[in-house]
Every structure is written in structure tokens, then in C-alpha cells.
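Student: Sharing final_18.pdb, PDB, C-alpha atoms:
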```pdb
ATOM      1  CA  LYS A   1      49.512   0.481 -67.188
ATOM      2  CA  GLN A   2      48.259   2.860 -64.512
ATOM      3  CA  GLU A   3      45.053   4.706 -65.375
ATOM      4  CA  VAL A   4      43.541   7.534 -63.348
ATOM      5  CA  THR A   5      39.913   8.605 -63.656
ATOM      6  CA  GLN A   6      38.226  11.648 -62.131
ATOM      7  CA  ILE A   7      34.528  12.165 -61.533
ATOM      8  CA  PRO A   8      32.741  14.449 -62.198
ATOM      9  CA  ALA A   9      34.299  16.064 -65.267
ATOM     10  CA  ALA A  10      32.717  19.378 -64.333
ATOM     11  CA  LEU A  11      30.932  20.762 -61.300
ATOM     12  CA  SER A  12      29.115  24.037 -60.724
ATOM     13  CA  VAL A  13      28.058  24.983 -57.194
ATOM     14  CA  PRO A  14      26.899  28.093 -55.332
ATOM     15  CA  GLU A  15      29.276  29.752 -52.927
ATOM     16  CA  GLY A  16      29.372  28.219 -49.457
ATOM     17  CA  GLU A  17      28.639  24.644 -50.448
ATOM     18  CA  ASN A  18      30.774  21.737 -49.342
ATOM     19  CA  LEU A  19      31.826  19.512 -52.219
ATOM     20  CA  VAL A  20      33.628  16.275 -53.014
ATOM     21  CA  LEU A  21      35.800  15.448 -56.001
ATOM     22  CA  ASN A  22      36.547  11.812 -56.763
ATOM     23  CA  CYS A  23      39.610  10.085 -58.175
ATOM     24  CA  SER A  24      40.198   6.394 -58.886
ATOM     25  CA  PHE A  25      43.290   4.547 -60.071
ATOM     26  CA  THR A  26      43.701   1.047 -61.452
ATOM     27  CA  ASP A  27      47.042  -0.056 -59.947
ATOM     28  CA  SER A  28      47.210   0.152 -56.159
ATOM     29  CA  ALA A  29      51.025  -0.094 -56.118
ATOM     30  CA  ILE A  30      51.575   3.624 -55.709
ATOM     31  CA  TYR A  31      54.115   5.678 -53.771
ATOM     32  CA  ASN A  32      51.824   8.636 -53.300
ATOM     33  CA  LEU A  33      48.833  10.536 -54.618
ATOM     34  CA  GLN A  34      48.603  14.270 -55.139
ATOM     35  CA  TRP A  35      45.876  16.756 -55.807
ATOM     36  CA  PHE A  36      46.804  19.746 -57.977
ATOM     37  CA  ARG A  37      45.017  22.917 -58.925
ATOM     38  CA  GLN A  38      45.366  24.432 -62.401
ATOM     39  CA  ASP A  39      44.247  27.954 -63.239
ATOM     40  CA  PRO A  40      43.851  29.012 -66.895
ATOM     41  CA  GLY A  41      47.178  29.868 -68.495
ATOM     42  CA  LYS A  42      49.119  28.831 -65.426
ATOM     43  CA  GLY A  43      51.020  25.805 -64.272
ATOM     44  CA  LEU A  44      49.949  23.298 -61.687
ATOM     45  CA  THR A  45      50.016  24.031 -57.983
ATOM     46  CA  SER A  46      50.229  21.129 -55.555
ATOM     47  CA  LEU A  47      47.466  21.232 -52.950
ATOM     48  CA  LEU A  48      47.951  18.037 -50.980
ATOM     49  CA  LEU A  49      50.299  15.061 -51.181
ATOM     50  CA  ILE A  50      49.364  11.794 -49.483
ATOM     51  CA  GLN A  51      52.033   9.137 -49.070
ATOM     52  CA  SER A  52      50.914   5.544 -49.626
ATOM     53  CA  SER A  53      51.147   4.828 -45.889
ATOM     54  CA  GLN A  54      48.819   7.711 -45.015
ATOM     55  CA  ARG A  55      45.049   7.832 -45.024
ATOM     56  CA  GLU A  56      44.450  11.564 -45.327
ATOM     57  CA  GLN A  57      45.944  15.032 -45.439
ATOM     58  CA  THR A  58      44.410  18.368 -44.529
ATOM     59  CA  SER A  59      45.247  21.925 -45.487
ATOM     60  CA  GLY A  60      42.872  24.681 -44.478
ATOM     61  CA  ARG A  61      39.484  24.024 -46.078
ATOM     62  CA  LEU A  62      40.855  21.077 -48.059
ATOM     63  CA  ASN A  63      40.899  17.460 -46.959
ATOM     64  CA  ALA A  64      42.101  14.587 -49.117
ATOM     65  CA  SER A  65      41.653  10.917 -48.278
ATOM     66  CA  LEU A  66      43.327   7.864 -49.744
ATOM     67  CA  ASP A  67      42.106   4.270 -49.814
ATOM     68  CA  LYS A  68      44.965   2.566 -51.595
ATOM     69  CA  SER A  69      43.516  -0.939 -51.522
ATOM     70  CA  SER A  70      40.366   0.138 -53.339
ATOM     71  CA  GLY A  71      42.193   2.569 -55.610
ATOM     72  CA  ARG A  72      40.281   5.666 -54.566
ATOM     73  CA  SER A  73      40.852   9.168 -53.296
ATOM     74  CA  THR A  74      38.522  12.039 -52.541
ATOM     75  CA  LEU A  75      39.168  15.758 -52.228
ATOM     76  CA  TYR A  76      36.764  17.506 -49.901
ATOM     77  CA  ILE A  77      36.437  21.293 -50.146
ATOM     78  CA  ALA A  78      34.583  22.961 -47.312
ATOM     79  CA  ALA A  79      32.675  26.229 -47.608
ATOM     80  CA  SER A  80      33.551  26.767 -51.266
ATOM     81  CA  GLN A  81      34.437  30.262 -52.517
ATOM     82  CA  PRO A  82      34.503  31.794 -56.020
ATOM     83  CA  GLY A  83      38.301  31.828 -55.772
ATOM     84  CA  ASP A  84      38.223  28.034 -55.660
ATOM     85  CA  SER A  85      37.119  27.977 -59.297
ATOM     86  CA  ALA A  86      39.783  26.083 -61.244
ATOM     87  CA  THR A  87      40.578  22.662 -62.678
ATOM     88  CA  TYR A  88      41.501  20.081 -60.058
ATOM     89  CA  LEU A  89      43.798  17.260 -61.084
ATOM     90  CA  CYS A  90      44.541  14.030 -59.293
ATOM     91  CA  ALA A  91      47.895  12.321 -59.953
ATOM     92  CA  VAL A  92      49.667   9.210 -58.706
ATOM     93  CA  THR A  93      53.286   8.160 -58.576
ATOM     94  CA  SER A  94      53.459   4.460 -59.275
ATOM     95  CA  GLY A  95      56.024   1.953 -58.112
ATOM     96  CA  GLY A  96      58.730   0.318 -60.154
ATOM     97  CA  THR A  97      61.079   2.417 -62.246
ATOM     98  CA  SER A  98      58.775   5.395 -62.457
ATOM     99  CA  TYR A  99      61.424   7.903 -61.277
ATOM    100  CA  GLY A 100      58.553   9.762 -59.745
ATOM    101  CA  LYS A 101      56.697  10.498 -62.964
ATOM    102  CA  LEU A 102      53.087  11.431 -62.399
ATOM    103  CA  THR A 103      50.066   9.807 -64.011
ATOM    104  CA  PHE A 104      47.195  12.287 -64.110
ATOM    105  CA  GLY A 105      43.449  12.065 -64.360
ATOM    106  CA  GLN A 106      41.652  14.249 -66.866
ATOM    107  CA  GLY A 107      40.620  16.742 -64.214
ATOM    108  CA  THR A 108      37.439  18.180 -62.724
ATOM    109  CA  ILE A 109      36.506  21.716 -63.779
ATOM    110  CA  LEU A 110      35.034  23.456 -60.731
ATOM    111  CA  THR A 111      32.991  26.638 -60.935
ATOM    112  CA  VAL A 112      31.855  28.313 -57.722
ATOM    113  CA  HIS A 113      29.390  31.106 -58.412
ATOM    114  CA  PRO A 114      28.542  33.917 -56.007
TER     115      PRO A 114
ATOM    116  CA  GLY B   1      62.667  32.503 -54.835
ATOM    117  CA  ALA B   2      62.125  32.114 -58.562
ATOM    118  CA  GLY B   3      59.988  29.230 -59.731
ATOM    119  CA  VAL B   4      60.181  27.165 -62.885
ATOM    120  CA  SER B   5      60.091  29.329 -65.992
ATOM    121  CA  GLN B   6      59.336  28.355 -69.563
ATOM    122  CA  SER B   7      59.724  30.156 -72.865
ATOM    123  CA  PRO B   8      58.152  31.020 -75.126
ATOM    124  CA  ARG B   9      54.769  31.101 -73.428
ATOM    125  CA  TYR B  10      53.008  30.826 -76.787
ATOM    126  CA  LYS B  11      54.230  29.471 -80.081
ATOM    127  CA  VAL B  12      52.434  29.279 -83.405
ATOM    128  CA  ALA B  13      54.121  27.057 -85.957
ATOM    129  CA  LYS B  14      53.305  26.060 -89.491
ATOM    130  CA  ARG B  15      53.008  22.345 -90.105
ATOM    131  CA  GLY B  16      56.454  20.960 -90.864
ATOM    132  CA  GLN B  17      58.329  23.637 -88.964
ATOM    133  CA  ASP B  18      60.809  22.747 -86.177
ATOM    134  CA  VAL B  19      60.262  24.261 -82.708
ATOM    135  CA  ALA B  20      62.329  24.450 -79.519
ATOM    136  CA  LEU B  21      60.791  24.922 -76.095
ATOM    137  CA  ARG B  22      62.913  25.997 -73.144
ATOM    138  CA  CYS B  23      62.617  25.173 -69.451
ATOM    139  CA  ASP B  24      64.545  26.860 -66.633
ATOM    140  CA  PRO B  25      64.078  24.744 -63.500
ATOM    141  CA  ILE B  26      64.432  25.932 -59.938
ATOM    142  CA  SER B  27      68.136  26.339 -59.183
ATOM    143  CA  GLY B  28      69.675  23.204 -57.704
ATOM    144  CA  HIS B  29      66.826  20.893 -58.633
ATOM    145  CA  VAL B  30      68.154  17.538 -59.749
ATOM    146  CA  SER B  31      65.034  16.101 -61.362
ATOM    147  CA  LEU B  32      63.313  17.567 -64.415
ATOM    148  CA  PHE B  33      60.187  16.310 -66.163
ATOM    149  CA  TRP B  34      58.403  17.251 -69.377
ATOM    150  CA  TYR B  35      54.657  16.666 -69.777
ATOM    151  CA  GLN B  36      52.252  17.230 -72.666
ATOM    152  CA  GLN B  37      48.717  18.428 -71.949
ATOM    153  CA  ALA B  38      46.153  18.252 -74.732
ATOM    154  CA  LEU B  39      43.056  20.437 -74.536
ATOM    155  CA  GLY B  40      40.638  19.170 -71.902
ATOM    156  CA  GLN B  41      42.977  16.423 -70.728
ATOM    157  CA  GLY B  42      45.374  15.879 -67.871
ATOM    158  CA  PRO B  43      49.125  16.165 -68.472
ATOM    159  CA  GLU B  44      50.906  13.113 -69.860
ATOM    160  CA  PHE B  45      54.517  12.240 -69.122
ATOM    161  CA  LEU B  46      57.050  12.711 -71.907
ATOM    162  CA  THR B  47      60.545  12.392 -70.455
ATOM    163  CA  TYR B  48      62.641  12.592 -67.272
ATOM    164  CA  PHE B  49      66.140  13.901 -66.540
ATOM    165  CA  GLN B  50      68.257  13.351 -63.463
ATOM    166  CA  ASN B  51      70.908  16.061 -63.755
ATOM    167  CA  GLU B  52      72.086  15.769 -67.381
ATOM    168  CA  ALA B  53      71.118  12.115 -67.786
ATOM    169  CA  GLN B  54      67.885  11.330 -69.615
ATOM    170  CA  LEU B  55      66.726   8.296 -67.645
ATOM    171  CA  ASP B  56      63.263   7.847 -69.096
ATOM    172  CA  LYS B  57      62.010   8.905 -72.504
ATOM    173  CA  SER B  58      59.236   6.360 -72.751
ATOM    174  CA  GLY B  59      56.539   9.007 -73.142
ATOM    175  CA  LEU B  60      57.951  10.730 -76.220
ATOM    176  CA  PRO B  61      55.287  10.117 -78.891
ATOM    177  CA  SER B  62      57.614   9.802 -81.864
ATOM    178  CA  ASP B  63      61.202  10.213 -82.987
ATOM    179  CA  ARG B  64      60.307  13.777 -83.967
ATOM    180  CA  PHE B  65      60.478  14.658 -80.282
ATOM    181  CA  PHE B  66      63.889  15.189 -78.703
ATOM    182  CA  ALA B  67      64.865  16.576 -75.292
ATOM    183  CA  GLU B  68      68.195  17.538 -73.789
ATOM    184  CA  ARG B  69      69.642  18.962 -70.586
ATOM    185  CA  PRO B  70      73.360  19.165 -71.377
ATOM    186  CA  GLU B  71      74.593  20.886 -68.217
ATOM    187  CA  GLY B  72      72.039  19.503 -65.809
ATOM    188  CA  SER B  73      70.142  22.775 -65.549
ATOM    189  CA  VAL B  74      68.229  24.301 -68.483
ATOM    190  CA  SER B  75      66.353  21.826 -70.667
ATOM    191  CA  THR B  76      65.107  22.095 -74.231
ATOM    192  CA  LEU B  77      62.320  20.085 -75.826
ATOM    193  CA  LYS B  78      62.615  20.059 -79.598
ATOM    194  CA  ILE B  79      59.897  18.971 -81.979
ATOM    195  CA  GLN B  80      60.887  18.411 -85.583
ATOM    196  CA  ARG B  81      58.508  18.640 -88.542
ATOM    197  CA  THR B  82      55.573  19.648 -86.357
ATOM    198  CA  GLN B  83      52.162  18.144 -87.005
ATOM    199  CA  GLN B  84      48.728  19.427 -86.023
ATOM    200  CA  GLU B  85      48.412  16.691 -83.398
ATOM    201  CA  ASP B  86      51.424  18.216 -81.618
ATOM    202  CA  SER B  87      49.254  21.190 -80.615
ATOM    203  CA  ALA B  88      49.147  21.142 -76.822
ATOM    204  CA  VAL B  89      50.519  22.795 -73.710
ATOM    205  CA  TYR B  90      53.994  21.547 -72.829
ATOM    206  CA  LEU B  91      54.693  21.637 -69.102
ATOM    207  CA  CYS B  92      58.047  21.410 -67.400
ATOM    208  CA  ALA B  93      58.444  20.432 -63.747
ATOM    209  CA  SER B  94      61.437  20.166 -61.440
ATOM    210  CA  SER B  95      62.097  18.666 -58.046
ATOM    211  CA  PRO B  96      65.042  18.532 -55.655
ATOM    212  CA  TRP B  97      64.878  14.791 -55.002
ATOM    213  CA  GLN B  98      66.565  12.067 -56.987
ATOM    214  CA  THR B  99      65.428   8.871 -55.329
ATOM    215  CA  ARG B 100      62.758   6.609 -56.766
ATOM    216  CA  VAL B 101      60.482   7.299 -53.825
ATOM    217  CA  PRO B 102      59.575  10.944 -54.089
ATOM    218  CA  GLN B 103      59.031  12.625 -50.767
ATOM    219  CA  GLU B 104      57.740  15.894 -52.082
ATOM    220  CA  THR B 105      55.978  17.358 -55.032
ATOM    221  CA  GLN B 106      57.189  18.522 -58.406
ATOM    222  CA  TYR B 107      57.119  22.252 -59.124
ATOM    223  CA  PHE B 108      55.529  23.135 -62.427
ATOM    224  CA  GLY B 109      56.209  25.963 -64.822
ATOM    225  CA  PRO B 110      53.408  27.910 -66.570
ATOM    226  CA  GLY B 111      53.781  25.881 -69.754
ATOM    227  CA  THR B 112      54.278  26.669 -73.434
ATOM    228  CA  ARG B 113      51.120  26.622 -75.514
ATOM    229  CA  LEU B 114      51.980  25.305 -78.990
ATOM    230  CA  LEU B 115      49.573  25.703 -81.879
ATOM    231  CA  VAL B 116      50.456  24.018 -85.151
ATOM    232  CA  LEU B 117      48.552  25.319 -88.170
TER     233      LEU B 117
END
```
Show me the file's structure as C-alpha cells.
Tutor:
Amino acid sequence: KQEVTQIPAALSVPEGENLVLNCSFTDSAIYNLQWFRQDPGKGLTSLLLIQSSQREQTSGRLNASLDKSSGRSTLYIAASQPGDSATYLCAVTSGGTSYGKLTFGQGTILTVHP
Amino acid sequence: GAGVSQSPRYKVAKRGQDVALRCDPISGHVSLFWYQQALGQGPEFLTYFQNEAQLDKSGLPSDRFFAERPEGSVSTLKIQRTQQEDSAVYLCASSPWQTRVPQETQYFGPGTRLLVL
């Protein structure tokens, strides 16, 4: 059974800092890995999707890397802003008959203070 | 265009009561997922529909949980005889793809927060 773990559980940083969120998964037979953002009372918004054949994806100040063989991914946020405060979730789509269902980590709660 | 919508947004139920949660996916989306998110946890898969066919219900926690999508569009998640452990946010997601190798993300609704007293 696929298990996804995120470290740290919570992170508080001053505005302007660069930061790294970590995600690990136990079964390397994945189709892809995604990073989502969740704001209180709202649904999930996909930030980056990395296919299993890719090593990284970038969008603006966000960069996500994938090392499938070691079962790890990192989300790098550059020059953090208070608007980045949210819960960040890592999720994988595993192989087999998953029909694309996502297995999520428990999330990292990020607070960026002015 | 319109995203995934869910109703009600909040539901308070007495223990033992039946509840029905509705999901309106993005028009034309073939795939529809339900997830359950307990407080402080990541979402967990409940069930998957491809059009009107329920192809995977392995995540439904008990036979009190039932989901349907009779016309391949709107879906309803029904929980019978609710228990306190059913308290959670129920998220619905849809996607246009139907292959087993998803090429793009799922689009999530805002969720229904269920509190069972």
C-alpha cells in the first residue's frame, strides 16, 4: 500500500525567505506526483504536476523536483510572501488499477509572516 | 468557466441521521472522485466514477456509505446512520481524462464539511 509522508508538519518563516517542503513515498511505481495548495474552507488547487519521466517542474517562484527511485520530492518556494500561507499537500498517482486516484500526505502548514 | 461545486457547504447531523452530499463536476468531465479529509489530515480516496460506472469503491469505509452518478454528471454521496467518526470534509474532484495514466490534474470542489453530533 502506497504511503506518503510530508515533513515538516508545520513551518513558520519571515517574508522573503526561501523554503523547502519535503515529501516521501514508499512505492516508486508512480505515474506522477503533484503538489497542491489548500486554503481554509476551500478546495485544493494544483500547483505543479510532475510525470514519472520528469525530474522537475517550475511555475513562477515554485520549483518541484522528483527522484522516483528514492521515493522523494521537494517543493522549493523562493522569496516567500504572506499570501503563500496555506497548507501544502503532496499526492501521488500509483500504477496498477488506480484509475488515477491520488494518495496524499498529511500536509505541511506554512505560515509566512510579514 | 464554472468549477466543481458541492452542496451543502456545511452540514450538521445528529448521530444516526442519514445525509446526502451533492457534487456538480465540471461539464463534460468523465472522471469523478470522492475523498474524505479528516481534521489535520490529507484527503483519502473513497470512490471513483467513470461516467455513470462506479469502477472503484475500495475506499468506502463501511456499507453505510453509498455513492451514485446515475446520468454520468451529478454525483451524490450518501451516508446512512451517521456516526461521530464520519465528521470530516468530503471533497469531490473531476477530470476530463478516462485513461489509467492521467495526463493532467483533478479539479477539486470546495468540499462539504460534515459535523456529526
Student: To verify the selection step, state as a PyMOL selection string which residues the ChimeraX specification (/A :<12) & /B yields on this input.
Tutor: chain B and resi 3-6+9-10+30-50+54-59+89-113
Student: Provide the CA of Arg64 (chain B) to CA of Ala13 (chain B) distance in Å, to one decimal place.
Tutor: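 Interatomic distance, CA of Arg64 (chain B) to CA of Ala13 (chain B): 14.8 Å.
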Student: Work out how far apart CA of Ala53 (chain B) and CA of Pro8 (chain B) are and give it in Å to one decimal.
Tutor: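 Between CA of Ala53 (chain B) and CA of Pro8 (chain B) the gap works out to 24.1 Å.
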Student: Taking the file as shown, find all residues satisfying the PyMOL selection byres ((chain B and resi 87) around 6) and write them as a PyMOL selection string.
Tutor: chain B and resi 84-86+88+114-116
Student: Do you have the CA of Ser59 (chain A)-CA of Val20 (chain A) distance handy?
Tutor: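 Distance between the two atoms: 15.0 Å.
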Student: List the neighbours of Phe25 (chain A) out to 9 Å using all atoms listed in the file; skip same-chain residues closer than 3 positions along the sequence, and give me the result as a ChimeraX atom specification.
Tutor: /A:2-6,28,68,70-73,92,105
Student: Can you translate the PyMOL selection byres ((chain B and resi 21) around 7) into the concrete residues it hits in this file, as an NGL selection string?
Tutor: :B and (7-8 or 19-20 or 22-23 or 76-78)
